[in-house]
Number of protein chains: 2
Amino acid sequence: MTMSTTPPIDEVARDAAARLRAAGLRPTRQRVALVRALFGQGDRHVTAEQLYAETQALDVGVSLATVYNTLHQFTRAGLLRELAIGSGRSYFDTNTGHHHHFFYEGTGQLVDVPGELVQVASVPLPPKGTEVSGVDVIIRIKDGGC
Amino acid sequence: MTMSTTPPIDEVARDAAARLRAAGLRPTRQRVALVRALFGQGDRHVTAEQLYAETQALDVGVSLATVYNTLHQFTRAGLLRELAIGSGRSYFDTNTGHHHHFFYEGTGQLVDVPGELVQVASVPLPPKGTEVSGVDVIIRIKDGGC
DNA sequence: TTCTTCTTTAGAATCATTCTAATCTATTGA
DNA sequence: TCAATAGATTAGAATGATTCTAAAGAAGAA
């Protein structure tokens, strides 16, 4: 029996539509398929192309344009967090809680680091009239060596 | 009299060629022009397009391809640090010392934060066989409000 | 149903960046 | 000083990620 903070897969699949409605989005076939792909297997970091490839393999086809649209809608709705780390592509993180990342420079892979494990002390105040919307810590990993 | 860690502009301009030679790069007209544009006015965060636009305004024309080539050579030589922060374009930072960044979400502007002002405690150890090559802290600024 | 509004989509367009192959130019050695 | 050569520059094509466009398709309300 898997005991984790992530809800069981079945449940996620069952209320994909409810989740979408709660976010103010119509539960279309495409969006339901994307919710299942994204949230059906624990925390993930996916690119648009990866997700597109996954949905192509399913019965429900989703166009690349829709993958992009949906990822942005989900991000706006707070279901995803967008990570623009290595240059080029964007990653979308299904973990929207407080955490940071290991970034493997060689492969571009991202791995979560629980927020509590990184203590950022004394962040300077931003110029007045502005507000800190978040602090991202990226631990770059040089995966060479051996 | 300006007292800073950055060398005076004149000096930078004068020994642009020497600086290039020290990095193992031939001091061509184009590279000298780029060294002056980059290091002649204190710490900067430039994109390739910005630098290209600047050099177009000078007497020494530099092609966009050369701007890209040179930025990467300089980065490899340790003269610049590449920042892939907001998605899309890369920024090149003339400050290669220990520091972090404010990132203005609205404009994409970057501002240095001295390394000492951010205390990152207890970074978790990376998987064995790998090594931490750096820790980047990005303080995202939501410049809305007023 | 039927209408209206929101969605999806293929393909074109865009933006940043890299590649290619031809043309130059620093440097070296005669 | 001059030619040879290794390295540098360049225009333009190619690539990769993403966004746009305009037309056709589905959801929700009446």
# chains A, B, ... in the order shown; residues from 1 in each chain; ligands from 1
>>> residues_around(residues="segment 58-66 of chain A", least_positions_apart="5", cutoff="12 Å", atoms="only C-alpha atoms (C1' of nucleotides)", output="PyMOL selection string")
(chain A and resi 28-34+36-37+47-53+71-74) or (chain C and resi 7-11) or (chain D and resi 17-21)
>>> write_last_selection(atoms="N, CA, C and O atoms (P, O5', C5', C4', C3', O3' and C1' of nucleotides)", output="compact mmCIF listing (two decimals), in the first residue's frame")
# COMPACT_ATOMS: atom_id res chain seq x y z
N THR A 28 -12.99 19.32 -21.07
CA THR A 28 -13.05 18.72 -22.41
C THR A 28 -12.27 17.41 -22.40
O THR A 28 -11.52 17.14 -21.47
N ARG A 29 -12.46 16.61 -23.43
CA ARG A 29 -11.75 15.34 -23.53
C ARG A 29 -10.24 15.55 -23.41
O ARG A 29 -9.55 14.85 -22.66
N GLN A 30 -9.76 16.56 -24.13
CA GLN A 30 -8.32 16.83 -24.15
C GLN A 30 -7.79 17.21 -22.78
O GLN A 30 -6.76 16.70 -22.33
N ARG A 31 -8.51 18.09 -22.12
CA ARG A 31 -8.03 18.55 -20.83
C ARG A 31 -8.07 17.43 -19.78
O ARG A 31 -7.16 17.32 -18.95
N VAL A 32 -9.10 16.61 -19.86
CA VAL A 32 -9.16 15.48 -18.92
C VAL A 32 -7.97 14.54 -19.15
O VAL A 32 -7.31 14.11 -18.20
N ALA A 33 -7.67 14.29 -20.42
CA ALA A 33 -6.53 13.42 -20.72
C ALA A 33 -5.24 14.02 -20.18
O ALA A 33 -4.39 13.30 -19.63
N LEU A 34 -5.10 15.32 -20.29
CA LEU A 34 -3.87 15.97 -19.82
C LEU A 34 -3.80 15.97 -18.30
O LEU A 34 -2.73 15.75 -17.73
N ARG A 36 -5.01 13.72 -16.38
CA ARG A 36 -4.63 12.36 -15.97
C ARG A 36 -3.16 12.10 -16.20
O ARG A 36 -2.47 11.52 -15.36
N ALA A 37 -2.67 12.52 -17.37
CA ALA A 37 -1.25 12.30 -17.67
C ALA A 37 -0.37 13.06 -16.67
O ALA A 37 0.64 12.54 -16.19
N THR A 47 8.05 18.67 -20.08
CA THR A 47 8.06 19.72 -21.09
C THR A 47 6.81 19.50 -21.96
O THR A 47 6.20 18.43 -21.93
N ALA A 48 6.47 20.53 -22.73
CA ALA A 48 5.31 20.44 -23.60
C ALA A 48 5.46 19.27 -24.58
O ALA A 48 4.54 18.49 -24.78
N GLU A 49 6.65 19.14 -25.15
CA GLU A 49 6.89 18.08 -26.12
C GLU A 49 6.73 16.69 -25.50
O GLU A 49 6.17 15.79 -26.11
N GLN A 50 7.23 16.53 -24.29
CA GLN A 50 7.11 15.25 -23.60
C GLN A 50 5.65 14.88 -23.40
O GLN A 50 5.22 13.76 -23.68
N LEU A 51 4.89 15.85 -22.93
CA LEU A 51 3.48 15.61 -22.66
C LEU A 51 2.73 15.31 -23.95
O LEU A 51 1.87 14.43 -24.00
N TYR A 52 3.10 16.03 -24.99
CA TYR A 52 2.50 15.81 -26.30
C TYR A 52 2.76 14.37 -26.75
O TYR A 52 1.83 13.67 -27.17
N ALA A 53 4.00 13.93 -26.62
CA ALA A 53 4.35 12.56 -27.01
C ALA A 53 3.54 11.54 -26.22
O ALA A 53 3.05 10.56 -26.77
N LEU A 71 -1.18 23.80 -20.69
CA LEU A 71 -0.14 23.96 -19.67
C LEU A 71 -0.16 25.38 -19.11
O LEU A 71 -0.02 25.58 -17.90
N HIS A 72 -0.37 26.35 -19.97
CA HIS A 72 -0.41 27.72 -19.47
C HIS A 72 -1.66 28.01 -18.66
O HIS A 72 -1.60 28.69 -17.63
N GLN A 73 -2.79 27.46 -19.11
CA GLN A 73 -4.02 27.64 -18.34
C GLN A 73 -3.86 27.02 -16.96
O GLN A 73 -4.25 27.62 -15.95
N PHE A 74 -3.32 25.83 -16.90
CA PHE A 74 -3.13 25.13 -15.62
C PHE A 74 -2.19 25.93 -14.73
O PHE A 74 -2.38 26.00 -13.51
P DT C 7 -12.70 27.49 -22.46
O5' DT C 7 -12.59 26.12 -23.26
C5' DT C 7 -13.02 26.08 -24.57
C4' DT C 7 -12.65 24.76 -25.21
C3' DT C 7 -11.15 24.49 -25.25
O3' DT C 7 -10.95 23.08 -25.17
C1' DT C 7 -11.95 24.93 -27.45
P DT C 8 -9.52 22.45 -25.29
O5' DT C 8 -9.42 22.20 -26.85
C5' DT C 8 -10.23 21.19 -27.43
C4' DT C 8 -9.94 21.10 -28.91
C3' DT C 8 -8.49 20.77 -29.25
O3' DT C 8 -8.50 19.56 -30.01
C1' DT C 8 -9.27 22.63 -30.51
P DT C 9 -7.13 18.84 -30.34
O5' DT C 9 -6.79 19.54 -31.73
C5' DT C 9 -7.72 19.44 -32.80
C4' DT C 9 -7.23 20.21 -34.00
C3' DT C 9 -5.74 20.08 -34.24
O3' DT C 9 -5.53 19.53 -35.52
C1' DT C 9 -6.43 22.35 -34.37
P DA C 10 -4.32 18.57 -35.75
O5' DA C 10 -3.89 19.14 -37.17
C5' DA C 10 -4.89 19.37 -38.17
C4' DA C 10 -4.42 20.46 -39.11
C3' DA C 10 -2.98 20.32 -39.57
O3' DA C 10 -2.94 20.54 -40.97
C1' DA C 10 -3.30 22.45 -38.52
P DG C 11 -1.66 20.33 -41.77
O5' DG C 11 -1.15 21.83 -41.89
C5' DG C 11 -2.08 22.84 -42.29
C4' DG C 11 -1.47 24.18 -42.06
C3' DG C 11 0.02 24.27 -42.43
O3' DG C 11 0.19 25.44 -43.21
C1' DG C 11 -0.31 25.08 -40.25
P DA D 17 13.08 21.49 -28.95
O5' DA D 17 12.27 22.76 -28.45
C5' DA D 17 12.94 23.69 -27.62
C4' DA D 17 12.06 24.92 -27.48
C3' DA D 17 10.66 24.62 -26.94
O3' DA D 17 10.43 25.47 -25.83
C1' DA D 17 10.56 25.92 -28.94
P DT D 18 9.08 25.33 -24.99
O5' DT D 18 8.17 26.43 -25.69
C5' DT D 18 8.68 27.76 -25.79
C4' DT D 18 7.82 28.57 -26.73
C3' DT D 18 6.33 28.60 -26.36
O3' DT D 18 6.04 29.91 -25.89
C1' DT D 18 6.71 28.48 -28.71
P DT D 19 4.61 30.33 -25.46
O5' DT D 19 4.05 31.01 -26.80
C5' DT D 19 4.72 32.15 -27.30
C4' DT D 19 4.04 32.60 -28.56
C3' DT D 19 2.55 32.91 -28.39
O3' DT D 19 2.35 34.19 -28.98
C1' DT D 19 2.88 31.48 -30.23
P DC D 20 0.97 34.94 -28.88
O5' DC D 20 0.45 34.82 -30.39
C5' DC D 20 1.34 35.18 -31.44
C4' DC D 20 0.69 34.88 -32.78
C3' DC D 20 -0.78 35.28 -32.87
O3' DC D 20 -0.93 36.02 -34.08
C1' DC D 20 -0.50 33.01 -33.51
P DT D 21 -2.31 36.78 -34.36
O5' DT D 21 -2.99 35.86 -35.46
C5' DT D 21 -2.18 35.24 -36.47
C4' DT D 21 -3.09 34.49 -37.42
C3' DT D 21 -4.56 34.93 -37.34
O3' DT D 21 -5.11 34.88 -38.64
C1' DT D 21 -4.40 32.64 -36.82
>>> interface_residues(of="chain B", to="chain C", cutoff="8 Å", atoms="only C-alpha atoms (C1' of nucleotides)", output="list in words")
Arg26, Thr28, Gly88 and Arg89 of chain B
>>> atom_distance(atom1="atom CA of Thr70 of chain B", atom2="atom CA of Ser90 of chain A")
25.5 Å
>>> select_by_dssp(residues="chain B", states="strand (DSSP E)", output="PyMOL selection string")
chain B and resi 45-46+81-83+91-93+99-104+110-114+119-121+131-142
>>> select_by_dssp(residues="segment 12-106 of chain B", states="helix (DSSP H, G or I)", output="PyMOL selection string")
chain B and resi 12-14+16-22+29-39+48-56+64-76
>>> write_last_selection(atoms="C-alpha atoms", output="tab-separated table (two decimals), in the first residue's frame")
chain	number	residue	atom	x	y	z
B	12	VAL	CA	39.50	48.08	-19.59
B	13	ALA	CA	39.49	49.61	-23.04
B	14	ARG	CA	43.28	49.81	-23.19
B	16	ALA	CA	41.03	44.61	-24.10
B	17	ALA	CA	43.54	42.92	-26.39
B	18	ALA	CA	45.67	41.75	-23.50
B	19	ARG	CA	42.61	40.38	-21.75
B	20	LEU	CA	41.70	38.45	-24.88
B	21	ARG	CA	45.18	37.09	-25.34
B	22	ALA	CA	45.22	35.97	-21.72
B	29	ARG	CA	38.51	43.95	-34.20
B	30	GLN	CA	35.18	42.38	-33.39
B	31	ARG	CA	36.23	40.80	-30.13
B	32	VAL	CA	37.92	43.98	-28.94
B	33	ALA	CA	34.72	45.90	-29.68
B	34	LEU	CA	32.71	43.36	-27.73
B	35	VAL	CA	35.08	43.40	-24.76
B	36	ARG	CA	34.74	47.17	-24.61
B	37	ALA	CA	30.97	47.10	-24.87
B	38	LEU	CA	30.71	44.39	-22.24
B	39	PHE	CA	33.28	45.48	-19.67
B	48	ALA	CA	22.93	38.58	-27.48
B	49	GLU	CA	20.42	40.78	-29.30
B	50	GLN	CA	21.09	43.73	-27.01
B	51	LEU	CA	24.82	43.48	-27.52
B	52	TYR	CA	24.32	43.09	-31.25
B	53	ALA	CA	22.23	46.27	-31.33
B	54	GLU	CA	24.92	48.14	-29.38
B	55	THR	CA	27.73	47.11	-31.67
B	56	GLN	CA	25.67	48.00	-34.74
B	64	LEU	CA	24.91	38.41	-34.82
B	65	ALA	CA	26.62	35.05	-35.34
B	66	THR	CA	29.85	36.51	-34.02
B	67	VAL	CA	28.09	38.00	-31.02
B	68	TYR	CA	26.79	34.54	-30.15
B	69	ASN	CA	30.13	32.84	-30.79
B	70	THR	CA	31.97	35.39	-28.73
B	71	LEU	CA	29.57	35.34	-25.81
B	72	HIS	CA	30.02	31.60	-25.56
B	73	GLN	CA	33.79	31.78	-25.90
B	74	PHE	CA	33.92	34.41	-23.17
B	75	THR	CA	31.73	32.26	-20.97
B	76	ARG	CA	34.01	29.27	-21.48
>>> interface_residues(of="chain D", to="chain B", cutoff="10 Å", atoms="only C-alpha atoms (C1' of nucleotides)", output="PyMOL selection string")
chain D and resi 7-11+17-18
>>> write_last_selection(atoms="C-alpha atoms (C1' of nucleotides)", output="PDB file, in the first residue's frame")
ATOM      1  C1'  DG D   7      41.649  30.569 -36.811  1.00  0.00           C
ATOM      2  C1'  DA D   8      37.663  34.077 -37.217  1.00  0.00           C
ATOM      3  C1'  DT D   9      33.775  36.267 -39.369  1.00  0.00           C
ATOM      4  C1'  DT D  10      29.679  36.325 -41.924  1.00  0.00           C
ATOM      5  C1'  DA D  11      25.136  35.967 -44.520  1.00  0.00           C
ATOM      6  C1'  DA D  17      10.556  25.925 -28.937  1.00  0.00           C
ATOM      7  C1'  DT D  18       6.707  28.479 -28.713  1.00  0.00           C
TER       8       DT D  18
END
>>> interface_residues(of="chain B", to="chain A", cutoff="12 Å", atoms="only C-alpha atoms", output="MDAnalysis selection string")
chainID B and resid 82:91 100:106 111:146
>>> write_last_selection(atoms="N, CA and C atoms", output="short mmCIF file (atom, residue, chain, number, x, y, z; two decimals), in the first residue's frame")
data_model
loop_
_atom_site.label_atom_id
_atom_site.label_comp_id
_atom_site.auth_asym_id
_atom_site.auth_seq_id
_atom_site.Cartn_x
_atom_site.Cartn_y
_atom_site.Cartn_z
N GLU B 82 26.78 32.72 -17.85
CA GLU B 82 25.53 32.66 -18.59
C GLU B 82 24.38 32.40 -17.63
N LEU B 83 23.32 33.17 -17.79
CA LEU B 83 22.14 33.01 -16.93
C LEU B 83 20.95 32.65 -17.78
N ALA B 84 20.39 31.48 -17.56
CA ALA B 84 19.20 31.07 -18.29
C ALA B 84 18.05 31.14 -17.31
N ILE B 85 17.50 32.32 -17.13
CA ILE B 85 16.49 32.49 -16.09
C ILE B 85 15.09 32.57 -16.64
N GLY B 86 14.63 33.74 -17.03
CA GLY B 86 13.31 33.78 -17.66
C GLY B 86 13.41 32.91 -18.89
N SER B 87 12.31 32.31 -19.33
CA SER B 87 12.43 31.42 -20.48
C SER B 87 12.82 32.23 -21.70
N GLY B 88 13.11 31.53 -22.75
CA GLY B 88 13.49 32.22 -23.97
C GLY B 88 14.95 32.57 -23.97
N ARG B 89 15.24 33.83 -23.94
CA ARG B 89 16.63 34.27 -24.13
C ARG B 89 17.56 33.98 -22.96
N SER B 90 18.86 33.98 -23.24
CA SER B 90 19.90 33.84 -22.24
C SER B 90 20.48 35.21 -21.93
N TYR B 91 20.82 35.42 -20.67
CA TYR B 91 21.51 36.65 -20.28
C TYR B 91 22.96 36.30 -20.02
N HIS B 100 23.87 36.60 -6.44
CA HIS B 100 22.59 36.06 -6.89
C HIS B 100 21.80 37.16 -7.61
N HIS B 101 20.50 36.90 -7.87
CA HIS B 101 19.75 37.87 -8.66
C HIS B 101 18.32 38.14 -8.22
N PHE B 102 17.95 39.41 -8.39
CA PHE B 102 16.55 39.78 -8.39
C PHE B 102 16.11 39.61 -9.84
N PHE B 103 14.95 39.05 -10.05
CA PHE B 103 14.43 38.90 -11.41
C PHE B 103 13.06 39.58 -11.46
N TYR B 104 12.98 40.65 -12.22
CA TYR B 104 11.71 41.38 -12.36
C TYR B 104 10.84 40.67 -13.38
N GLU B 105 9.79 40.03 -12.89
CA GLU B 105 8.96 39.21 -13.76
C GLU B 105 8.33 39.99 -14.90
N GLY B 106 7.97 41.24 -14.62
CA GLY B 106 7.31 42.03 -15.65
C GLY B 106 8.22 42.35 -16.82
N VAL B 111 18.89 42.11 -11.58
CA VAL B 111 19.71 42.98 -10.75
C VAL B 111 20.51 42.11 -9.79
N ASP B 112 21.77 42.43 -9.67
CA ASP B 112 22.64 41.64 -8.79
C ASP B 112 22.28 41.77 -7.32
N VAL B 113 22.47 40.68 -6.62
CA VAL B 113 22.36 40.67 -5.16
C VAL B 113 23.70 40.10 -4.68
N PRO B 114 24.47 40.89 -3.93
CA PRO B 114 25.75 40.38 -3.46
C PRO B 114 25.61 39.03 -2.78
N GLY B 115 26.53 38.14 -3.03
CA GLY B 115 26.46 36.79 -2.50
C GLY B 115 26.30 36.73 -1.00
N GLU B 116 26.92 37.65 -0.30
CA GLU B 116 26.89 37.60 1.17
C GLU B 116 25.51 37.90 1.72
N LEU B 117 24.68 38.59 0.93
CA LEU B 117 23.37 38.97 1.44
C LEU B 117 22.40 37.81 1.48
N VAL B 118 22.73 36.72 0.81
CA VAL B 118 21.84 35.56 0.82
C VAL B 118 22.57 34.41 1.49
N GLN B 119 22.01 33.94 2.55
CA GLN B 119 22.64 32.83 3.25
C GLN B 119 21.86 31.56 2.94
N VAL B 120 22.45 30.68 2.17
CA VAL B 120 21.79 29.42 1.90
C VAL B 120 22.41 28.39 2.83
N ALA B 121 21.61 27.94 3.78
CA ALA B 121 22.14 26.97 4.74
C ALA B 121 21.68 25.58 4.34
N SER B 122 22.41 24.61 4.78
CA SER B 122 22.01 23.21 4.67
C SER B 122 21.45 22.79 3.32
N VAL B 123 22.23 22.96 2.27
CA VAL B 123 21.84 22.43 0.98
C VAL B 123 22.03 20.92 1.05
N PRO B 124 21.04 20.14 0.66
CA PRO B 124 21.18 18.69 0.74
C PRO B 124 22.29 18.19 -0.17
N LEU B 125 22.86 17.07 0.19
CA LEU B 125 23.92 16.48 -0.63
C LEU B 125 23.33 15.91 -1.90
N PRO B 126 24.01 16.07 -3.01
CA PRO B 126 23.52 15.50 -4.27
C PRO B 126 23.80 14.01 -4.28
N PRO B 127 23.13 13.28 -5.16
CA PRO B 127 23.38 11.84 -5.30
C PRO B 127 24.87 11.58 -5.45
N LYS B 128 25.35 10.48 -4.89
CA LYS B 128 26.80 10.23 -4.94
C LYS B 128 27.28 9.97 -6.37
N GLY B 129 28.51 10.36 -6.61
CA GLY B 129 29.05 10.28 -7.97
C GLY B 129 28.86 11.60 -8.69
N THR B 130 28.09 12.51 -8.07
CA THR B 130 27.88 13.81 -8.68
C THR B 130 28.41 14.88 -7.74
N GLU B 131 28.42 16.11 -8.26
CA GLU B 131 29.02 17.19 -7.53
C GLU B 131 28.22 18.47 -7.77
N VAL B 132 28.10 19.28 -6.76
CA VAL B 132 27.37 20.55 -6.92
C VAL B 132 28.29 21.53 -7.64
N SER B 133 27.83 22.04 -8.77
CA SER B 133 28.69 22.99 -9.48
C SER B 133 28.30 24.42 -9.17
N GLY B 134 27.21 24.61 -8.46
CA GLY B 134 26.83 25.96 -8.09
C GLY B 134 25.42 26.00 -7.54
N VAL B 135 25.12 27.03 -6.79
CA VAL B 135 23.78 27.22 -6.26
C VAL B 135 23.31 28.59 -6.69
N ASP B 136 22.23 28.63 -7.44
CA ASP B 136 21.69 29.91 -7.90
C ASP B 136 20.45 30.25 -7.10
N VAL B 137 20.39 31.46 -6.61
CA VAL B 137 19.19 31.92 -5.92
C VAL B 137 18.58 33.04 -6.75
N ILE B 138 17.34 32.86 -7.11
CA ILE B 138 16.64 33.86 -7.90
C ILE B 138 15.47 34.38 -7.08
N ILE B 139 15.50 35.66 -6.80
CA ILE B 139 14.42 36.28 -6.04
C ILE B 139 13.50 36.94 -7.05
N ARG B 140 12.37 36.31 -7.25
CA ARG B 140 11.45 36.82 -8.27
C ARG B 140 10.66 38.01 -7.71
N ILE B 141 10.62 39.08 -8.48
CA ILE B 141 9.94 40.30 -8.05
C ILE B 141 8.71 40.54 -8.93
N LYS B 142 7.59 40.61 -8.24
CA LYS B 142 6.32 40.90 -8.88
C LYS B 142 6.21 42.42 -8.92
N ASP B 143 6.57 43.04 -10.04
CA ASP B 143 6.57 44.50 -10.06
C ASP B 143 5.24 45.09 -10.49
N GLY B 144 4.21 44.64 -9.83
CA GLY B 144 2.91 45.26 -10.08
C GLY B 144 2.65 46.19 -8.92
N GLY B 145 1.40 46.28 -8.52
CA GLY B 145 1.08 47.07 -7.32
C GLY B 145 0.73 48.49 -7.66
N CYS B 146 1.70 49.39 -7.46
CA CYS B 146 1.47 50.82 -7.60
C CYS B 146 1.04 51.20 -9.02
#
>>> atom_distance(atom1="atom CA of Gln109 of chain A", atom2="atom CA of Thr107 of chain B")
27.5 Å
>>> atom_distance(atom1="atom CA of Pro27 of chain B", atom2="atom CA of Gly97 of chain B")
24.3 Å
>>> residues_around(residues="Leu80 of chain A", least_positions_apart="4", cutoff="7 Å", atoms="only C-alpha atoms (C1' of nucleotides)", output="PyMOL selection string")
chain A and resi 74-75+92-96
